[in-house]
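*Asks:* Before anything else, here's the structure in question.
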Amino acid sequence: MLFPPERTFPALTLQGRAISFDAPVLMAIVNVTPDSFYDGGVHLDVDRALAFAHAAVRSGASIVDVGGESTRPGAPPVPADEEIRRILPIIHELASEGLIVSVDTTKAAVADAALSAGACMVNDISGGLMDPEILAVASDHGAAMILQHLRGTPATMQRDIRFDDVVEDVSRELVLRKEAAVAAGVDARRILVDPGIGFGKTPQQCIQLLSAGRRLASICGSPVLVGPSNKSFIGHLTGAEVQDRLAGTVAACLLARTAGAHAFRVHDVAGIAQAFTIAKAFDEAAGNG
């Protein structure tokens with residue numbers, strides 16, 4: 001059964017609205033960068049970025065995740081002031097409309113500026129390792145946090161991939177990041193964990209993590225967000241080029257849901273929402289049969 005996963009969590013209230021984990025939570029990706037692996041440069045124009053975000057929300061996104069620095073393998077760092085310049089007009093506008101906005105950053109200064117502009121969630125691919133002050137910033141603003149697993153940085157993460165047991169190791173390291181966030185004052189009930197699909201993992205390890213949502217949720221004690229959208233493991237397994245991986249992304253999201261994941265960070269919200277709608281109809285028919 002796809003709905004709900006075995007381990008559910010209380011609803012998360014953001015911008016005065018409750019996000020229930022009993023149904024799949026969709027997070028729309030808005031990359032305000034010239035060099036992201038999938039849509040680099042597409043949303044650099046503010047009006048285009050806003051139009052994309054509005055369409056994603058109409059299609060079923062509960063959260064809009066805005067980022068101003070590419071985290072593809074080997075991506076060069078972006079100065080904080082440039083990152084802020086890219087994202088702030090979009091975050092301010094979306095938040096002023098009452099939408100739930102997350103900022104995708106590893107920098108405390110960027111998170112502070114974004115949260116001051118109306119964002120209410122921080123999505124840190126390093127789980128607070130690259131700039132530990134980001135945890136205190138999230139706490140000061142009462143923000144929710146997504147703590148992702150990452151070893152090293154985007155520039156170095158693919159150099160030496162070693163795990164004894166990828167699910168156990170990633171879970172243990174996420175627990176440490178969650179403990180650090182709570183120690184900094186972040187409310188444990190407002191934390192999601194992300195195993196870091198494609199971030200320093202082999203294709204097979206990505207599949208193992210996508211199939212381990214219940215174990216991750218149980219060990220970490222938090223809802224699990226996954227981000228398989230158009231990632232290289234899909235290309236490795238299917239041969240599909242990056243712009244032709246929607247079918248693989250749909251399959252990864254549906255199967256990750258059956259394995260216990262709660263939230264999904266995706267580029268094509270409409271396509272994933274449609275797949276979940278059909279899956280829910282099948283579940284209901286099976287239950288009524």
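A note on labels: chains of the structure tokens are A, B, ... as shown, every chain counts residues from 1, and ligands are counted from 1 in their shown order.
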Can you tell me, as a PyMOL selection string, what residues are no more than 9 Å from Pro228 of chain A when counting only C-alpha atoms, ignoring any on the same chain fewer than 4 positions away?
*Replies:* chain A and resi 196-198+206+210+232-234+248-249+252-253+264-266
*Asks:* Report as a list in words all protein, DNA and RNA residues lying within 10 Å of Glu82 of chain A, evaluated on only C-alpha atoms, omitting residues in the same chain fewer than 3 positions from it.
*Replies:*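 In the requested form, the answer reads Gly68, Glu69, Val78, Pro79, Arg85, Arg86, Ile87 and Val110 of chain A.
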*Asks:* Considering only C-alpha atoms, can you say which of A:Gln204, A:Asn230, A:Ser70, A:Ser102 comes closest to Pro154 of chain A?
*Replies:*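 Looking at the shortest contact to Pro154 of chain A, the residue is A:Ser70.
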*Asks:* So, counting only C-alpha atoms, which residue among A:Thr156, A:Ser222, A:Ser59, A:Ser96 is closest to Ala188 of chain A?
*Replies:*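 The closest residue to Ala188 of chain A is A:Ser222.
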*Asks:* Give me the residues near Arg159 of chain A as a PyMOL selection string, where near means some atom within 12 Å (using only C-alpha atoms) and where sequence neighbours in that chain fewer than 5 positions away do not count.
*Replies:* chain A and resi 73-74+151-154+199-202
